[in-house]
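Containing compact mmCIF, C-alpha atoms: start12.txt.
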# COMPACT_ATOMS: atom_id res chain seq x y z
CA MET A 1 20.28 -2.35 37.96
CA ALA A 2 21.18 0.47 40.34
CA GLU A 3 23.25 -1.82 42.59
CA ASN A 4 25.46 -2.83 39.62
CA ILE A 5 26.61 0.74 38.89
CA GLN A 6 30.11 1.31 40.22
CA PRO A 7 31.23 4.76 41.42
CA GLY A 8 33.12 6.65 38.80
CA THR A 9 31.49 4.83 35.85
CA ILE A 10 28.66 7.33 35.33
CA GLN A 11 29.51 9.53 32.34
CA ASP A 12 27.89 12.49 30.73
CA GLN A 13 25.29 11.10 28.34
CA GLU A 14 25.91 13.72 25.67
CA GLU A 15 29.63 12.96 25.70
CA VAL A 16 28.85 9.26 25.39
CA LYS A 17 26.72 9.96 22.32
CA VAL A 18 29.42 12.14 20.76
CA GLN A 19 32.06 9.46 21.30
CA SER A 20 29.68 6.80 19.95
CA GLY A 21 29.04 8.91 16.85
CA ARG A 22 32.74 9.39 16.22
CA ALA A 23 33.38 5.67 16.63
CA ARG A 24 30.51 4.90 14.26
CA ALA A 25 31.87 7.35 11.66
CA ALA A 26 35.23 5.57 11.75
CA LEU A 27 33.68 2.17 10.98
CA PRO A 28 33.57 0.83 7.42
CA ALA A 29 30.17 0.89 5.74
CA ALA A 30 29.73 -2.88 6.10
CA ASP A 31 30.07 -2.69 9.90
CA LEU A 32 27.63 0.17 10.46
CA PRO A 33 24.58 -0.68 12.60
CA ASP A 34 21.17 -0.98 10.99
CA LYS A 35 19.59 1.53 13.35
CA VAL A 36 20.66 4.76 15.05
CA HIS A 37 19.01 6.87 17.72
CA THR A 38 16.57 9.57 16.73
CA TRP A 39 18.40 11.94 19.06
CA PRO A 40 20.73 13.51 18.12
CA TYR A 41 21.08 12.27 14.53
CA LEU A 42 17.58 12.85 13.09
CA VAL A 43 16.61 15.75 15.35
CA ARG A 44 19.85 17.55 14.57
CA ALA A 45 19.22 17.32 10.81
CA GLU A 46 15.62 18.48 11.25
CA PHE A 47 16.73 21.39 13.43
CA ILE A 48 19.29 22.53 10.83
CA ALA A 49 16.68 22.24 8.05
CA GLY A 50 14.24 24.29 10.15
CA CYS A 51 16.87 26.99 10.74
CA ILE A 52 17.59 27.19 6.99
CA LEU A 53 13.86 27.45 6.21
CA LEU A 54 13.45 30.16 8.87
CA LEU A 55 16.37 32.09 7.36
CA VAL A 56 14.88 31.85 3.85
CA LEU A 57 11.48 33.06 5.06
CA MET A 58 13.11 35.91 6.98
CA VAL A 59 15.10 37.10 3.96
CA TRP A 60 12.01 36.77 1.76
CA SER A 61 9.86 38.76 4.18
CA ILE A 62 12.49 41.53 4.32
CA THR A 63 13.10 41.79 0.57
CA VAL A 64 9.53 41.35 -0.74
CA ASP A 65 7.22 44.26 -0.01
CA ALA A 66 3.85 43.21 1.35
CA PRO A 67 2.10 46.37 2.61
CA MET A 68 -1.29 46.38 4.23
CA GLU A 69 -4.04 47.26 1.80
CA GLU A 70 -6.97 49.56 2.39
CA PRO A 71 -9.93 48.28 4.46
CA ALA A 72 -12.20 45.87 2.64
CA ASN A 73 -14.89 47.51 0.60
CA PRO A 74 -17.92 45.27 -0.07
CA THR A 75 -18.87 47.40 -3.07
CA LYS A 76 -15.51 47.02 -4.82
CA THR A 77 -14.03 43.61 -5.61
CA PRO A 78 -10.23 43.66 -5.90
CA ASN A 79 -8.75 42.62 -9.23
CA PRO A 80 -7.26 40.05 -9.07
CA SER A 81 -9.22 38.58 -6.18
CA LYS A 82 -6.86 35.93 -4.83
CA ALA A 83 -7.29 33.42 -2.06
CA PRO A 84 -4.57 33.05 0.61
CA TRP A 85 -1.47 31.40 -0.83
CA TYR A 86 -2.25 28.03 0.75
CA PHE A 87 -5.58 27.97 -1.16
CA LEU A 88 -4.20 29.29 -4.44
CA GLY A 89 -3.65 25.74 -5.66
CA LEU A 90 -7.39 25.11 -5.41
CA GLN A 91 -8.16 28.46 -7.03
CA GLU A 92 -5.77 27.69 -9.88
CA MET A 93 -7.45 24.32 -10.46
CA LEU A 94 -10.67 26.18 -11.23
CA VAL A 95 -9.00 27.25 -14.49
CA TYR A 96 -8.69 23.65 -15.67
CA PHE A 97 -11.75 21.89 -14.21
CA ASP A 98 -15.37 22.45 -13.34
CA PRO A 99 -15.87 23.94 -9.84
CA TRP A 100 -17.21 20.74 -8.30
CA ILE A 101 -14.20 18.78 -9.58
CA ALA A 102 -11.61 21.41 -8.61
CA GLY A 103 -13.17 22.37 -5.28
CA VAL A 104 -14.73 19.12 -4.06
CA LEU A 105 -13.66 15.98 -5.89
CA LEU A 106 -9.91 16.53 -6.26
CA PRO A 107 -9.31 17.81 -2.68
CA THR A 108 -11.32 14.85 -1.37
CA LEU A 109 -9.21 12.44 -3.41
CA ILE A 110 -6.05 14.07 -2.04
CA ILE A 111 -7.21 13.54 1.54
CA VAL A 112 -8.44 10.00 0.87
CA GLY A 113 -5.21 9.16 -0.96
CA LEU A 114 -3.11 10.28 2.01
CA MET A 115 -5.33 8.27 4.37
CA ILE A 116 -4.97 5.00 2.47
CA ILE A 117 -1.17 5.14 2.17
CA PRO A 118 -0.64 2.86 5.23
CA TYR A 119 -3.04 0.30 3.75
CA VAL A 120 -1.30 0.03 0.39
CA ASP A 121 2.24 0.17 1.75
CA ILE A 122 4.06 -3.10 1.02
CA ASN A 123 7.33 -2.31 2.78
CA PRO A 124 7.78 -5.29 5.14
CA LYS A 125 9.92 -3.26 7.55
CA GLY A 126 6.98 -1.08 8.51
CA ASN A 127 7.19 2.38 9.98
CA GLY A 128 10.42 4.26 10.42
CA TYR A 129 12.02 3.45 7.07
CA TYR A 130 11.63 6.52 4.90
CA THR A 131 14.90 6.69 2.99
CA PHE A 132 14.88 6.92 -0.80
CA SER A 133 16.42 3.45 -1.13
CA GLU A 134 13.53 1.99 0.88
CA ARG A 135 10.70 3.92 -0.77
CA LYS A 136 11.76 4.99 -4.25
CA PHE A 137 8.26 5.04 -5.74
CA ALA A 138 6.57 6.75 -2.79
CA ILE A 139 9.14 9.52 -2.43
CA SER A 140 9.45 10.09 -6.18
CA THR A 141 5.67 10.26 -6.56
CA PHE A 142 5.34 12.72 -3.70
CA LEU A 143 8.19 15.01 -4.77
CA VAL A 144 7.72 14.97 -8.54
CA GLY A 145 3.97 14.43 -8.69
CA PHE A 146 1.99 15.73 -5.77
CA LEU A 147 4.42 18.32 -4.38
CA GLY A 148 5.53 19.47 -7.83
CA MET A 149 1.93 19.82 -9.02
CA TRP A 150 0.78 21.70 -5.91
CA VAL A 151 3.81 23.97 -5.65
CA GLY A 152 3.55 24.63 -9.40
CA MET A 153 -0.09 25.72 -9.14
CA ILE A 154 0.62 27.90 -6.10
CA THR A 155 3.59 29.48 -7.91
CA ILE A 156 1.45 30.25 -10.96
CA GLY A 157 -1.27 31.72 -8.76
CA VAL A 158 1.10 33.88 -6.71
CA PHE A 159 3.52 35.19 -9.32
CA PHE A 160 1.85 34.83 -12.73
CA ARG A 161 -1.86 35.52 -12.21
CA GLY A 162 -2.81 39.18 -12.51
CA PRO A 163 -5.97 41.21 -13.16
CA GLY A 164 -8.73 39.21 -14.78
CA TRP A 165 -6.79 36.10 -13.71
CA ASN A 166 -4.71 36.54 -16.85
CA LEU A 167 -1.16 35.28 -17.11
CA PHE A 168 1.59 37.87 -16.65
CA MET A 169 5.32 37.46 -16.44
CA PRO A 170 6.77 38.62 -13.10
CA TRP A 171 8.39 41.62 -14.85
CA ASP A 172 5.20 42.62 -16.74
CA TYR A 173 2.96 45.49 -15.72
CA TRP A 174 -0.36 44.23 -14.39
CA ASP A 175 -2.64 46.00 -16.82
CA PRO A 176 -6.23 45.77 -15.51
CA HIS A 177 -7.51 46.56 -19.03
CA LYS A 178 -5.74 43.63 -20.67
CA VAL A 179 -8.12 41.62 -22.86
CA VAL A 180 -7.34 38.03 -23.75
CA PRO A 181 -9.46 36.42 -26.51
CA LEU A 182 -11.22 33.24 -25.45
CA THR A 183 -9.63 30.73 -27.80
CA ASN A 184 -9.98 27.64 -25.60
CA VAL A 185 -11.54 24.66 -27.36
CA ASP A 186 -12.36 21.11 -26.33
CA LEU A 187 -10.00 18.34 -27.39
CA PRO A 188 -12.44 16.66 -29.83
CA TYR A 189 -13.07 20.00 -31.57
CA PHE A 190 -9.32 20.68 -31.64
CA LEU A 191 -8.88 17.36 -33.47
CA GLY A 192 -11.60 18.17 -36.00
CA ILE A 193 -14.54 16.28 -34.47
CA ARG A 194 -17.74 18.26 -34.92
CA SER A 195 -20.44 15.73 -33.97
CA GLU A 196 -21.52 16.09 -30.33
CA LEU A 197 -22.14 12.35 -29.93
CA ILE A 198 -18.82 11.34 -31.45
CA ALA A 199 -17.08 13.99 -29.35
CA MET A 200 -18.59 12.50 -26.17
CA ILE A 201 -17.58 8.97 -27.20
CA PHE A 202 -14.06 10.13 -28.06
CA GLY A 203 -13.72 12.01 -24.76
CA ALA A 204 -14.98 9.01 -22.79
CA ILE A 205 -12.44 6.78 -24.56
CA CYS A 206 -9.63 9.23 -23.74
CA VAL A 207 -10.59 9.56 -20.07
CA GLY A 208 -11.29 5.84 -19.67
CA GLY A 209 -8.08 4.92 -21.44
CA TRP A 210 -6.09 7.21 -19.16
CA LEU A 211 -7.68 6.02 -15.91
CA VAL A 212 -8.26 2.36 -16.76
CA GLY A 213 -6.60 1.42 -20.04
CA ILE A 214 -3.02 2.48 -19.26
CA PRO A 215 -2.97 0.99 -15.71
CA GLY A 216 -4.59 -2.19 -17.05
CA ALA A 217 -2.02 -2.52 -19.83
CA ILE A 218 0.82 -2.00 -17.35
CA TYR A 219 -0.69 -4.58 -14.99
CA LYS A 220 -0.98 -7.13 -17.78
CA TRP A 221 2.56 -6.37 -18.94
CA LYS A 222 4.21 -6.39 -15.50
CA LYS A 223 1.91 -8.67 -13.52
CA ASP A 224 4.73 -11.11 -12.82
CA SER A 225 7.02 -8.46 -11.35
CA PRO A 226 7.61 -8.75 -7.59
CA ILE A 227 6.11 -5.34 -6.75
CA ILE A 228 2.82 -5.88 -8.59
CA ARG A 229 2.53 -9.45 -7.28
CA GLU A 230 2.97 -8.17 -3.74
CA LEU A 231 0.52 -5.32 -4.25
CA GLY A 232 -2.20 -7.53 -5.66
CA LEU A 233 -4.95 -6.49 -8.04
CA VAL A 234 -7.00 -4.39 -5.59
CA ARG A 235 -4.15 -2.40 -4.09
CA TYR A 236 -2.56 -1.93 -7.50
CA GLY A 237 -5.85 -0.61 -8.85
CA ILE A 238 -6.14 1.93 -6.02
CA VAL A 239 -2.53 3.13 -6.35
CA ALA A 240 -2.69 3.27 -10.15
CA THR A 241 -6.00 5.16 -10.19
CA LEU A 242 -4.80 7.80 -7.72
CA PHE A 243 -1.50 8.15 -9.57
CA MET A 244 -3.22 8.59 -12.94
CA ILE A 245 -5.62 11.19 -11.52
CA MET A 246 -2.72 13.13 -10.03
CA SER A 247 -0.66 13.00 -13.22
CA GLY A 248 -3.80 13.78 -15.24
CA VAL A 249 -4.05 17.16 -13.49
CA VAL A 250 -0.52 17.97 -14.69
CA VAL A 251 -1.35 16.81 -18.23
CA LYS A 252 -4.49 18.96 -18.22
CA MET A 253 -2.43 21.99 -17.20
CA PHE A 254 0.02 21.45 -20.06
CA LEU A 255 -2.81 20.97 -22.56
CA ARG A 256 -4.41 24.24 -21.46
CA HIS A 257 -1.23 26.33 -21.56
CA LEU A 258 0.30 24.82 -24.70
CA PHE A 259 -2.75 24.10 -26.89
CA ASN A 260 -5.63 26.02 -25.25
CA ILE A 261 -7.50 22.76 -24.61
CA LYS A 262 -10.42 23.41 -22.27
CA TYR A 263 -12.04 19.99 -21.74
CA ILE A 264 -11.39 16.45 -22.91
CA LEU A 265 -14.76 14.90 -22.11
CA VAL A 266 -17.87 17.07 -22.43
CA ILE A 267 -21.30 15.78 -21.45
CA PRO A 268 -23.58 18.86 -21.50
CA ASN A 269 -25.10 19.77 -18.12
CA ILE A 270 -23.63 16.62 -16.53
CA LEU A 271 -19.84 16.31 -16.69
CA ASN A 272 -16.89 18.25 -18.04
CA VAL A 273 -13.38 16.82 -17.60
Kindly transcribe the structure held in the file into structure tokens.
Amino acid sequence: MAENIQPGTIQDQEEVKVQSGRARAALPAADLPDKVHTWPYLVRAEFIAGCILLLVLMVWSITVDAPMEEPANPTKTPNPSKAPWYFLGLQEMLVYFDPWIAGVLLPTLIIVGLMIIPYVDINPKGNGYYTFSERKFAISTFLVGFLGMWVGMITIGVFFRGPGWNLFMPWDYWDPHKVVPLTNVDLPYFLGIRSELIAMIFGAICVGGWLVGIPGAIYKWKKDSPIIRELGLVRYGIVATLFMIMSGVVVKMFLRHLFNIKYILVIPNILNV
């Protein structure tokens, strides 16, 4: 190809890209190409977003006081004893679930769920198509469900959890002597069920209905829709189960804060959900 280049035809590549971008912007929407170069269009947007994030973090670090505390004292546990902010979501989940569920099962499901995304993806165009029009369900689920749940729990842990892990408003004084009565009850007891056996059966029905019944009813109702047909039974089951578990965490949070519901399913010494 080198012998075909005529003197005087070599142009500055950046100028060529600028002119190409201006020509593309002048085209009607119907004549726009299907693909554009990553540089400079995507990288430029990511760079601007990174600068905005850096500016926000800089302003936050200047305006919010975060002094160094005294050296750690093994004989005196700080109150509240908080994990680093990136682990506060896990620490907040301990309020709503048993430790092995909050600290082991749910984080494992998060990792496994992220790993299986490529295997349940039915977009025929493959990698590189991440716009909202191409992946409405995936982006909506991530933003509203996973990211909203995680950011919500971190926000509660950072700004609203004070001494004794009690809830305080940001403008409240963190009184270390605040006493909150333990009024949390299990859902069967809240609904008037006093028999332990009936309470276990009722809790199992609620949990099973949430994880299996609702997805099964939706599959039976919408099984002829193009998306579910393309997913198939197995992939639909995986996606639906992970989605219901994720949304179930949010439901459990609302039940605890609004109605003081502690557990839904209680099997003594075995399982508490």
For atom CA of A:Val158 and atom CA of A:Leu265, the interatomic separation in Å (one decimal):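 Between atom CA of A:Val158 and atom CA of A:Leu265 the gap is 29.1 Å.
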Answer as number ranges by chain, residues within 7 Å of (-9.0, 5.0, -13.7) using only C-alpha atoms: A: 208, 210-212, 241, 244
Option closest in space to A:Leu105, from A:His37, A:Pro28, A:Ile205, A:Ile245 [counting only C-alpha atoms]: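 Comparing A:His37, A:Pro28, A:Ile205, A:Ile245 against A:Leu105, the winner is A:Ile245.
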Point-to-point distance from atom CA of A:Ile264 to atom CA of A:Pro188, Å rounded to tenths: 7.0 Å
Shell of 12 Å around A:Val239, all atoms listed in the file, local chain residues under 5 positions omitted, as a PyMOL selection string: chain A and resi 109+112-114+116-122+137-138+141+211-212+215+219+228+231-234+244-246
Distance in Å - atom CA of A:Ile201 versus atom CA of A:Asn272: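 It comes out at 13.1 Å.
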Among the residues A:Val180, A:Ala83, A:Val36, A:Met93, the one that comes closest to A:Met253 [using all atoms listed in the file]: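 Distance minimum relative to A:Met253 lands on A:Met93.
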Shell of 12 Å around A:Leu187, all atoms listed in the file, local chain residues under 6 positions omitted, as a list of chain:residue names: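 Answer for this query is A:Ile193, A:Arg194, A:Ile198, A:Ala199, A:Met200, A:Phe202, A:Gly203, A:Ala204, A:Cys206, A:Val207, A:Lys252, A:Leu255, A:Arg256, A:Phe259, A:Asn260, A:Ile261, A:Lys262, A:Tyr263, A:Ile264, A:Leu265, A:Val266, A:Asn272, A:Val273.
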Given only C-alpha atoms as the counted atoms, nearest of A:Val104, A:Leu42, A:Leu54, A:Leu197 to A:Ile267: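 Smallest distance to A:Ile267 is found for A:Leu197.
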